[in-house]
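Heads up, the thing below is written out as structure tokens.
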There are 2 protein chains.
Amino acid sequence: MGRWEPDARGRLAKAAMELYAEQGFEQTTVAEIAARAGLTERTFFRHFADKREVLFYGMERLRDLLTRAVAGAPAAATAMDAASAAFQAAGAMLQENPERVRLRDAIVSANAELQERELIKLAALAAAVAGALRDRGIPEPGASLAAETGVAVFKVAFARWVSDPGQRDLPGVFRESMAELRGVVGGPVG
Amino acid sequence: MGRWEPDARGRLAKAAMELYAEQGFEQTTVAEIAARAGLTERTFFRHFADKREVLFYGMERLRDLLTRAVAGAPAAATAMDAASAAFQAAGAMLQENPERVRLRDAIVSANAELQERELIKLAALAAAVAGALRDRGIPEPGASLAAETGVAVFKVAFARWVSDPGQRDLPGVFRESMAELRGVVGGPVG
């Protein structure tokens with residue numbers, strides 16, 4: 001390891017996001033990111049496997065948050081209660097830094113390869129939530145249904161939230177969307 | 001165009017699936033697929049953009065089927081009724097050739113790149129269903145909620161069906177899963 005760089009990871013992430021927004025993800029090199037952050041390429045690769053990872057390393061924290069929230073839901077919570085609490089906690093985390101999240105979303109949405117990676121990470125989040133629900137004793141297919149439905153509702157809620165900079169309350173939009181889902185699936189389904 | 005080859009597309013698809021199953025997707029070349037089918041590489045590329053497309057060209061038919069089924073649902077159908085009818089129609093199409101669908105699933109599941117493509121195609125199907133629901137006058141976010149939820153339930157139903165070769169009735173498994181979803185989301189959601 002080289003000498004310690006104060007908040008190298010944060011500086012690299014900030015520089016990368018700026019460059020992706022200014023000139024596009026594909027056009028940006030790791031050398032440019034390191035230069036903008038006043039660091040070396042070697043330091044970049046100590047913190048991120050590649051330039052895509054700058055946009056996705058937060059997903060691991062999100063996964064841990066989701067599985068902990070499922071595990072920590074009250075004993076009486078249903079599968080959907082527990083999943084819903086988890087996605088509200090995820091929403092609360094994301095809205096801590098709405099400008100960064102909206103900028104990141106614009107970068108990912110503009111690039112097919114990044115959108116693919118986003119879908120894979122979302123599928124992994126659904127699998128992690130389903131696993132945490134099974135750990136609570138929820139049998140299949142209930143665990144997967146609650147987890148996949150939670151992700152589906154979260155995607156819709158996130159899309160509403162991210163497209164409206166006046167909207168601050170992502171957990172609230174999620175709760176509204178869950179209520180609408182209950183209306184949508186409540187009727188007879190042929 | 002070269003001379004007409006009777007069912008060249010079907011022969012190429014069959015040869016490709018056999019080779020992917022026997023020796024793995026990555027290890028298989030277009031030259032081998034063409035040779036097994038008794039055709040030329042040039043003929044292969046008249047029918048498929050690349051060797052991945054052999055596994056995904058059915059998705060377009062599936063998308064057309066889904067959007068037509070949504071459009072053709074009775075006027076009184078709710079958003080979820082219409083989406084549900086569409087995914088049952090998709091299930092009926094898939095179970096016409098269960099061995100092929102199960103073999104394809106095993107090939108896709110064994111390869112990260114193919115799984116990515118599968119997720120992208122599923123996201124495109126959800127978007128197409130949401131669009132067809134909006135065309136019926138269903139406003140957002142109801143259209144996206146019904147479409148994303150339909151895909152979420154279909155994923156769970158498909159996973160149950162594909163892992164049980166004794167199970168024939170995919171539309172039936174979808175209906176059961178929808179009923180379980182109503183149970184899952186029916187309770188209070190915090």
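Chain labels follow the order of the structure tokens: the first chain is A, the next B, and so on; residue numbering restarts at 1 in every chain, and ligands are counted from 1 in their shown order.
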
Contacts of Ala35 of chain B within 12 Å, only C-alpha atoms, excl. fewer than 3 positions in-chain, as JSON, numbers by chain: {"B": [11, 12, 15, 16, 19, 28, 29, 30, 31, 32, 38, 39, 40, 41, 42, 43, 44]}

Could you build a table of the residues in chain B lying no more than 7 Å from chain A, giving for each the nearest pair of atoms and their separation in Å rounded to one decimal place, using only C-alpha atoms, ordered by chain and ascending residue number, as JSON lines?
{"residue": "B:Ala79", "atom": "CA", "partner": "A:Val184", "partner_atom": "CA", "distance": 6.9}
{"residue": "B:Met80", "atom": "CA", "partner": "A:Val184", "partner_atom": "CA", "distance": 6.0}
{"residue": "B:Asp81", "atom": "CA", "partner": "A:Val189", "partner_atom": "CA", "distance": 5.0}
{"residue": "B:Ser84", "atom": "CA", "partner": "A:Val189", "partner_atom": "CA", "distance": 6.8}
{"residue": "B:Ala85", "atom": "CA", "partner": "A:Gly190", "partner_atom": "CA", "distance": 6.6}
{"residue": "B:Glu116", "atom": "CA", "partner": "A:Glu116", "partner_atom": "CA", "distance": 6.2}
{"residue": "B:Leu119", "atom": "CA", "partner": "A:Leu119", "partner_atom": "CA", "distance": 6.4}
{"residue": "B:Ile120", "atom": "CA", "partner": "A:Glu116", "partner_atom": "CA", "distance": 6.3}
{"residue": "B:Ser144", "atom": "CA", "partner": "A:Val156", "partner_atom": "CA", "distance": 6.6}
{"residue": "B:Leu145", "atom": "CA", "partner": "A:Val153", "partner_atom": "CA", "distance": 6.4}
{"residue": "B:Ala146", "atom": "CA", "partner": "A:Val184", "partner_atom": "CA", "distance": 6.7}
{"residue": "B:Glu148", "atom": "CA", "partner": "A:Ala152", "partner_atom": "CA", "distance": 5.3}
{"residue": "B:Thr149", "atom": "CA", "partner": "A:Thr149", "partner_atom": "CA", "distance": 5.9}
{"residue": "B:Ala152", "atom": "CA", "partner": "A:Glu148", "partner_atom": "CA", "distance": 5.3}
{"residue": "B:Val153", "atom": "CA", "partner": "A:Leu145", "partner_atom": "CA", "distance": 6.4}
{"residue": "B:Val156", "atom": "CA", "partner": "A:Leu145", "partner_atom": "CA", "distance": 6.5}
{"residue": "B:Leu181", "atom": "CA", "partner": "A:Leu145", "partner_atom": "CA", "distance": 6.5}
{"residue": "B:Arg182", "atom": "CA", "partner": "A:Val185", "partner_atom": "CA", "distance": 6.1}
{"residue": "B:Val184", "atom": "CA", "partner": "A:Met80", "partner_atom": "CA", "distance": 6.0}
{"residue": "B:Val185", "atom": "CA", "partner": "A:Met80", "partner_atom": "CA", "distance": 6.1}
{"residue": "B:Gly186", "atom": "CA", "partner": "A:Arg182", "partner_atom": "CA", "distance": 6.5}
{"residue": "B:Val189", "atom": "CA", "partner": "A:Asp81", "partner_atom": "CA", "distance": 4.9}
{"residue": "B:Gly190", "atom": "CA", "partner": "A:Asp81", "partner_atom": "CA", "distance": 5.8}

Option closest in space to Ala71 of chain A, from A:Glu176, A:Asp169, A:Glu53, A:Asp135 [counting only C-alpha atoms]: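 Of A:Glu176, A:Asp169, A:Glu53, A:Asp135, the one nearest Ala71 of chain A, counting only C-alpha atoms, is A:Asp135.
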
Atomic distance atom CA of Leu55 of chain A - atom CA of Glu26 of chain A, expressed in Å with one decimal: 13.1 Å

Nearest residue to Ala76 of chain B from the set B:Ile138, B:Val129, B:Ala92, B:Val101 (distances using only C-alpha atoms):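 Under the stated criterion, the closest residue is B:Ile138.
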
Which of segment 53-109 of chain A fall in helix (DSSP H, G or I), as an MDAnalysis selection string: chainID A and resid 53:55 58:72 79:94 98:109

Test item: residues at most 10 Å from Ala90 of chain A, only C-alpha atoms, excluding those fewer than 5 positions along its chain, as a list in words: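 Here the answer would be Arg61, Leu62, Arg63, Asp64, Leu65, Leu66, Ala69, Ser84, Ala85, Gln95, Phe154, Leu170 and Pro171 of chain A.
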